[in-house]
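**Student:** Structure supplied as run.txt; contents: compact mmCIF, C-alpha atoms.
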```txt
# COMPACT_ATOMS: atom_id res chain seq x y z
CA MET Q 1 -40.27 -35.21 -227.28
CA ILE Q 2 -42.15 -34.91 -224.02
CA ALA Q 3 -45.72 -36.16 -223.93
CA THR Q 4 -48.28 -33.82 -222.47
CA GLY Q 5 -52.04 -33.67 -222.32
CA ALA Q 6 -54.98 -35.88 -221.46
CA GLU Q 7 -53.14 -39.12 -222.34
CA LEU Q 8 -51.03 -38.65 -219.20
CA GLU Q 9 -54.00 -38.37 -216.85
CA GLY Q 10 -53.48 -40.99 -214.15
CA ALA Q 11 -50.05 -41.89 -215.54
CA PHE Q 12 -46.97 -42.25 -213.35
CA LYS Q 13 -43.31 -42.91 -213.89
CA PRO Q 14 -42.35 -46.32 -212.52
CA SER Q 15 -39.17 -46.55 -210.52
CA LEU Q 16 -36.09 -48.25 -211.92
CA LEU Q 17 -34.89 -51.60 -210.63
CA ARG Q 18 -31.24 -50.51 -210.54
CA ASN Q 19 -29.98 -50.86 -206.95
CA ILE Q 20 -33.42 -52.11 -205.85
CA ALA Q 21 -31.87 -54.08 -202.97
CA LYS Q 22 -30.60 -50.80 -201.47
CA THR Q 23 -33.79 -48.75 -201.67
CA SER Q 24 -35.92 -50.02 -198.80
CA PRO Q 25 -38.49 -49.45 -197.48
CA TYR Q 26 -40.67 -50.63 -200.36
CA MET Q 27 -44.13 -49.84 -201.75
CA HIS Q 28 -45.76 -46.44 -201.91
CA ALA Q 29 -46.29 -46.22 -198.14
CA GLY Q 30 -42.96 -47.86 -197.25
CA HIS Q 31 -44.58 -50.69 -195.33
CA PHE Q 32 -42.25 -53.50 -196.46
CA ALA Q 33 -38.70 -53.51 -195.09
CA SER Q 34 -37.23 -56.19 -197.37
CA LEU Q 35 -37.45 -57.53 -200.90
CA GLN Q 36 -38.52 -60.85 -199.41
CA GLU Q 37 -41.58 -59.20 -197.82
CA VAL Q 38 -42.53 -57.58 -201.14
CA LEU Q 39 -42.20 -60.86 -203.03
CA GLU Q 40 -44.22 -62.73 -200.40
CA HIS Q 41 -46.94 -60.06 -200.65
CA TYR Q 42 -47.24 -60.47 -204.42
CA ASN Q 43 -47.00 -64.23 -204.12
CA ARG Q 44 -50.02 -64.30 -201.75
CA ALA Q 45 -51.88 -61.34 -203.31
CA PRO Q 46 -54.05 -60.67 -200.24
CA ALA Q 47 -57.40 -58.95 -200.61
CA ALA Q 48 -57.29 -55.16 -200.55
CA PRO Q 49 -58.21 -53.69 -197.16
CA VAL Q 50 -60.39 -51.12 -198.96
CA GLY Q 51 -61.92 -51.36 -202.42
CA ASP Q 52 -61.10 -53.88 -205.13
CA THR Q 53 -57.81 -55.30 -206.29
CA GLU Q 54 -56.64 -56.64 -209.65
CA LEU Q 55 -53.74 -58.44 -207.97
CA LYS Q 56 -53.58 -62.19 -208.63
CA PRO Q 57 -51.38 -64.59 -206.61
CA LEU Q 58 -48.12 -65.55 -208.29
CA ASN Q 59 -48.09 -68.96 -206.56
CA LEU Q 60 -44.32 -69.24 -206.79
CA SER Q 61 -42.47 -71.95 -204.88
CA VAL Q 62 -39.98 -71.12 -202.12
CA THR Q 63 -37.16 -71.87 -204.57
CA GLU Q 64 -38.65 -69.63 -207.27
CA LEU Q 65 -39.06 -66.80 -204.77
CA ALA Q 66 -35.42 -67.21 -203.69
CA HIS Q 67 -34.29 -67.13 -207.34
CA LEU Q 68 -36.35 -64.01 -208.05
CA GLU Q 69 -34.94 -62.26 -204.98
CA ALA Q 70 -31.39 -63.23 -206.02
CA PHE Q 71 -32.04 -61.81 -209.50
CA LEU Q 72 -33.31 -58.51 -208.05
CA ARG Q 73 -30.31 -58.31 -205.71
CA GLY Q 74 -28.09 -58.87 -208.73
CA LEU Q 75 -29.33 -55.57 -210.18
CA SER Q 76 -27.50 -53.74 -207.40
CA ARG Q 77 -23.86 -52.88 -207.22
CA PRO Q 78 -21.81 -50.71 -204.88
CA LEU Q 79 -21.44 -47.05 -205.74
CA LYS Q 80 -17.96 -46.35 -207.05
CA THR Q 81 -16.26 -43.29 -205.64
CA PRO Q 82 -12.92 -42.25 -207.15
CA ARG Q 83 -10.00 -42.22 -204.70
CA SER Q 84 -8.83 -38.84 -205.86
CA CYS Q 85 -10.93 -36.74 -208.19
CA GLY Q 86 -7.82 -34.84 -209.18
CA GLU Q 87 -6.62 -38.01 -210.92
CA GLN Q 88 -9.89 -38.66 -212.78
CA HIS Q 89 -10.28 -36.70 -216.03
CA GLY Q 90 -12.50 -37.07 -219.04
CA ASP Q 91 -11.28 -37.11 -222.64
CA ASN Q 92 -11.36 -33.30 -222.79
CA GLY Q 93 -9.02 -32.88 -219.81
CA HIS Q 94 -11.78 -31.64 -217.49
CA PRO Q 95 -12.78 -33.59 -214.39
CA ALA Q 96 -15.13 -36.45 -215.21
CA ASN Q 97 -18.75 -36.12 -213.99
CA ARG Q 98 -18.28 -38.93 -211.52
CA CYS Q 99 -15.79 -36.76 -209.60
CA THR Q 100 -18.36 -34.10 -208.85
CA ASP Q 101 -21.48 -36.26 -208.59
CA ARG Q 102 -20.78 -39.24 -206.34
CA THR Q 103 -24.41 -40.36 -206.35
CA ARG Q 104 -24.32 -41.46 -209.98
CA LEU Q 105 -23.06 -44.79 -211.19
CA PRO Q 106 -20.52 -44.69 -214.00
CA MET Q 107 -22.06 -45.87 -217.26
CA ASN Q 108 -19.02 -47.90 -218.28
```
Take the structure I supplied and represent it as structure tokens, if you would.

**Tutor:**
Amino acid sequence: MIATGAELEGAFKPSLLRNIAKTSPYMHAGHFASLQEVLEHYNRAPAAPVGDTELKPLNLSVTELAHLEAFLRGLSRPLKTPRSCGEQHGDNGHPANRCTDRTRLPMN
């Protein structure tokens, strides 16, 4: 079921955290080059240059920030590309999806 209508006004689809360490630059305008910069931004929660902000400082220690960054980096893994797609077949004998779409991660 796909939701439609007024309840979606102002709604957006948040991005996934899978492979977050490989998707820089960060934020909607791409103004942070590293996860560390993003975490430091949220840790400080600076005042908005224009308008109001609901952002509150996280006040995490240097160690906590390092642990959080390590966790986020742990959500990334290298993309697996089969050596020879001719050797990779699904249960039905046809080539598996990962042979034709090398941008997807295998689900197993």

**Student:** Excluding segment 11-14 of chain Q and residues on its chain fewer than 6 positions from it, collect all residues at most 12 Å away from it, counting only C-alpha atoms, and give them as a list in words.

**Tutor:** Ala3, Thr4, Gly5, Met27 and His28 of chain Q

**Student:** Just how far from atom CA of Lys22 of chain Q is atom CA of Pro78 of chain Q, in Å to one decimal?

**Tutor:**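 One can read the atom CA of Pro78 of chain Q to atom CA of Lys22 of chain Q distance as 9.4 Å.
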
**Student:** So which residues are close to (-43.8, -68.1, -201.4), meaning at most 8 Å away in the file's coordinates with only C-alpha atoms counted, and can you show them as a ChimeraX atom specification?

**Tutor:** /Q:39-40,43-44,59-62,64-65

**Student:** Okay, now the selection with C-alpha atoms, as an mmCIF file, in the frame of the given file?

**Tutor:**
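The resulting file, again_24.cif, is reproduced below:
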```cif
data_model
loop_
_atom_site.group_PDB
_atom_site.id
_atom_site.type_symbol
_atom_site.label_atom_id
_atom_site.label_comp_id
_atom_site.auth_asym_id
_atom_site.auth_seq_id
_atom_site.Cartn_x
_atom_site.Cartn_y
_atom_site.Cartn_z
ATOM 1 C CA LEU Q 39 -42.200 -60.860 -203.030
ATOM 2 C CA GLU Q 40 -44.220 -62.730 -200.400
ATOM 3 C CA ASN Q 43 -47.000 -64.230 -204.120
ATOM 4 C CA ARG Q 44 -50.020 -64.300 -201.750
ATOM 5 C CA ASN Q 59 -48.090 -68.960 -206.560
ATOM 6 C CA LEU Q 60 -44.320 -69.240 -206.790
ATOM 7 C CA SER Q 61 -42.470 -71.950 -204.880
ATOM 8 C CA VAL Q 62 -39.980 -71.120 -202.120
ATOM 9 C CA GLU Q 64 -38.650 -69.630 -207.270
ATOM 10 C CA LEU Q 65 -39.060 -66.800 -204.770
#
```

**Student:** Compile the contact shell of Glu69 of chain Q as a PDB file with C-alpha atoms, keeping the file's coordinate frame: residues with an atom at most 9 Å away, counting all atoms listed in the file, same-chain residues fewer than 3 positions apart removed.

**Tutor:**
```pdb
ATOM      1  CA  ALA Q  21     -31.870 -54.080-202.970  1.00  0.00           C
ATOM      2  CA  LEU Q  35     -37.450 -57.530-200.900  1.00  0.00           C
ATOM      3  CA  GLN Q  36     -38.520 -60.850-199.410  1.00  0.00           C
ATOM      4  CA  LEU Q  39     -42.200 -60.860-203.030  1.00  0.00           C
ATOM      5  CA  GLU Q  64     -38.650 -69.630-207.270  1.00  0.00           C
ATOM      6  CA  LEU Q  65     -39.060 -66.800-204.770  1.00  0.00           C
ATOM      7  CA  ALA Q  66     -35.420 -67.210-203.690  1.00  0.00           C
ATOM      8  CA  LEU Q  72     -33.310 -58.510-208.050  1.00  0.00           C
ATOM      9  CA  ARG Q  73     -30.310 -58.310-205.710  1.00  0.00           C
ATOM     10  CA  GLY Q  74     -28.090 -58.870-208.730  1.00  0.00           C
TER      11      GLY Q  74
END
```

**Student:** What is the distance between atom CA of Asn19 of chain Q and atom CA of Ala48 of chain Q, in Å to one decimal?

**Tutor:**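 Atom CA of Ala48 of chain Q lies 28.4 Å from atom CA of Asn19 of chain Q.
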
**Student:** Figure out the distance between atom CA of Glu9 of chain Q and atom CA of Ala47 of chain Q, please, to one decimal in Å.

**Tutor:**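 About the pair atom CA of Ala47 of chain Q and atom CA of Glu9 of chain Q: they are 26.4 Å apart.
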
**Student:** Find the axis-aligned box for segment 9-13 of chain Q, covering all its listed atoms and adding 6 Å on each side, and write its centre and edge lengths in Å to one decimal as JSON.

**Tutor:**
```
{"center_x": -48.7, "center_y": -40.6, "center_z": -215.1, "size_x": 22.7, "size_y": 16.5, "size_z": 15.5}
```

**Student:** So which residues touch Tyr42 of chain Q within 10 Å, counting only C-alpha atoms, skipping near sequence neighbours fewer than 4 positions away, as a PDB file with C-alpha atoms, in the coordinates of the input?

**Tutor:**
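File written: out-v9.pdb
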```pdb
ATOM      1  CA  GLU Q  37     -41.580 -59.200-197.820  1.00  0.00           C
ATOM      2  CA  VAL Q  38     -42.530 -57.580-201.140  1.00  0.00           C
ATOM      3  CA  PRO Q  46     -54.050 -60.670-200.240  1.00  0.00           C
ATOM      4  CA  LEU Q  55     -53.740 -58.440-207.970  1.00  0.00           C
ATOM      5  CA  LYS Q  56     -53.580 -62.190-208.630  1.00  0.00           C
ATOM      6  CA  PRO Q  57     -51.380 -64.590-206.610  1.00  0.00           C
ATOM      7  CA  LEU Q  58     -48.120 -65.550-208.290  1.00  0.00           C
ATOM      8  CA  ASN Q  59     -48.090 -68.960-206.560  1.00  0.00           C
ATOM      9  CA  LEU Q  60     -44.320 -69.240-206.790  1.00  0.00           C
TER      10      LEU Q  60
END
```

**Student:** For N, CA and C atoms, please extract segment 32-77 of chain Q from the block and return it as a compact mmCIF listing (two decimals), in the first residue's frame.

**Tutor:**
```txt
# COMPACT_ATOMS: atom_id res chain seq x y z
N PHE Q 32 29.61 18.92 4.15
CA PHE Q 32 30.52 18.22 5.05
C PHE Q 32 31.17 17.08 4.26
N ALA Q 33 32.49 17.01 4.31
CA ALA Q 33 33.23 16.03 3.53
C ALA Q 33 33.43 14.70 4.26
N SER Q 34 33.24 14.69 5.58
CA SER Q 34 33.50 13.46 6.33
C SER Q 34 32.43 13.22 7.39
N LEU Q 35 32.34 11.97 7.81
CA LEU Q 35 31.42 11.64 8.92
C LEU Q 35 31.81 12.40 10.18
N GLN Q 36 33.11 12.55 10.40
CA GLN Q 36 33.58 13.26 11.58
C GLN Q 36 33.04 14.69 11.60
N GLU Q 37 33.04 15.37 10.46
CA GLU Q 37 32.51 16.74 10.39
C GLU Q 37 31.02 16.77 10.71
N VAL Q 38 30.28 15.80 10.21
CA VAL Q 38 28.83 15.73 10.49
C VAL Q 38 28.59 15.53 11.98
N LEU Q 39 29.32 14.59 12.57
CA LEU Q 39 29.14 14.31 14.00
C LEU Q 39 29.53 15.51 14.85
N GLU Q 40 30.60 16.20 14.49
CA GLU Q 40 31.00 17.39 15.23
C GLU Q 40 29.95 18.48 15.10
N HIS Q 41 29.33 18.62 13.94
CA HIS Q 41 28.26 19.60 13.74
C HIS Q 41 27.10 19.32 14.69
N TYR Q 42 26.64 18.08 14.72
CA TYR Q 42 25.51 17.74 15.61
C TYR Q 42 25.92 17.79 17.08
N ASN Q 43 27.16 17.53 17.36
CA ASN Q 43 27.63 17.59 18.75
C ASN Q 43 27.61 19.04 19.27
N ARG Q 44 27.97 19.99 18.40
CA ARG Q 44 27.97 21.42 18.77
C ARG Q 44 26.59 22.04 18.62
N ALA Q 45 25.85 21.62 17.59
CA ALA Q 45 24.53 22.19 17.27
C ALA Q 45 24.59 23.71 17.19
N PRO Q 46 25.35 24.25 16.24
CA PRO Q 46 25.45 25.72 16.14
C PRO Q 46 24.11 26.35 15.76
N ALA Q 47 23.99 27.62 16.06
CA ALA Q 47 22.77 28.34 15.71
C ALA Q 47 22.60 28.36 14.20
N ALA Q 48 21.37 28.35 13.75
CA ALA Q 48 21.07 28.39 12.32
C ALA Q 48 21.46 29.76 11.77
N PRO Q 49 22.08 29.80 10.58
CA PRO Q 49 22.45 31.09 10.00
C PRO Q 49 21.23 31.95 9.65
N VAL Q 50 20.11 31.28 9.35
CA VAL Q 50 18.87 31.98 9.03
C VAL Q 50 17.73 31.23 9.71
N GLY Q 51 16.85 31.95 10.36
CA GLY Q 51 15.68 31.32 10.99
C GLY Q 51 16.02 30.64 12.31
N ASP Q 52 15.11 29.77 12.72
CA ASP Q 52 15.25 29.06 14.00
C ASP Q 52 15.73 27.64 13.76
N THR Q 53 16.23 27.03 14.82
CA THR Q 53 16.65 25.64 14.76
C THR Q 53 16.09 24.89 15.96
N GLU Q 54 15.77 23.62 15.77
CA GLU Q 54 15.34 22.76 16.87
C GLU Q 54 16.49 21.86 17.32
N LEU Q 55 17.65 22.05 16.72
CA LEU Q 55 18.82 21.23 17.00
C LEU Q 55 19.36 21.54 18.40
N LYS Q 56 19.59 20.49 19.18
CA LYS Q 56 20.17 20.62 20.51
C LYS Q 56 21.52 19.92 20.53
N PRO Q 57 22.52 20.48 21.19
CA PRO Q 57 23.85 19.84 21.24
C PRO Q 57 23.79 18.44 21.84
N LEU Q 58 24.54 17.53 21.27
CA LEU Q 58 24.63 16.17 21.80
C LEU Q 58 25.55 16.10 23.01
N ASN Q 59 26.55 16.96 23.04
CA ASN Q 59 27.53 17.00 24.14
C ASN Q 59 28.21 15.66 24.38
N LEU Q 60 28.59 15.00 23.30
CA LEU Q 60 29.30 13.74 23.41
C LEU Q 60 30.78 13.99 23.63
N SER Q 61 31.42 13.07 24.34
CA SER Q 61 32.87 13.17 24.55
C SER Q 61 33.60 12.78 23.27
N VAL Q 62 34.89 13.04 23.22
CA VAL Q 62 35.71 12.67 22.07
C VAL Q 62 35.64 11.16 21.86
N THR Q 63 35.67 10.39 22.94
CA THR Q 63 35.60 8.94 22.86
C THR Q 63 34.24 8.49 22.32
N GLU Q 64 33.17 9.10 22.81
CA GLU Q 64 31.83 8.75 22.32
C GLU Q 64 31.66 9.07 20.84
N LEU Q 65 32.20 10.21 20.42
CA LEU Q 65 32.15 10.56 19.00
C LEU Q 65 32.91 9.54 18.16
N ALA Q 66 34.08 9.12 18.64
CA ALA Q 66 34.88 8.12 17.92
C ALA Q 66 34.13 6.79 17.83
N HIS Q 67 33.46 6.40 18.91
CA HIS Q 67 32.68 5.15 18.91
C HIS Q 67 31.51 5.24 17.94
N LEU Q 68 30.83 6.38 17.92
CA LEU Q 68 29.71 6.57 17.01
C LEU Q 68 30.17 6.53 15.55
N GLU Q 69 31.29 7.18 15.27
CA GLU Q 69 31.83 7.15 13.91
C GLU Q 69 32.22 5.72 13.52
N ALA Q 70 32.83 4.99 14.43
CA ALA Q 70 33.21 3.59 14.15
C ALA Q 70 31.97 2.74 13.87
N PHE Q 71 30.90 2.97 14.63
CA PHE Q 71 29.65 2.25 14.40
C PHE Q 71 29.12 2.55 12.99
N LEU Q 72 29.07 3.83 12.62
CA LEU Q 72 28.56 4.20 11.31
C LEU Q 72 29.42 3.62 10.19
N ARG Q 73 30.74 3.61 10.39
CA ARG Q 73 31.63 3.02 9.39
C ARG Q 73 31.41 1.51 9.29
N GLY Q 74 31.01 0.91 10.38
CA GLY Q 74 30.72 -0.53 10.40
C GLY Q 74 29.49 -0.91 9.58
N LEU Q 75 28.69 0.07 9.21
CA LEU Q 75 27.50 -0.20 8.39
C LEU Q 75 27.85 -0.26 6.90
N SER Q 76 29.12 -0.08 6.59
CA SER Q 76 29.57 -0.13 5.20
C SER Q 76 30.35 -1.40 4.96
N ARG Q 77 30.24 -1.88 3.75
CA ARG Q 77 31.04 -3.03 3.34
C ARG Q 77 31.33 -2.88 1.86
```
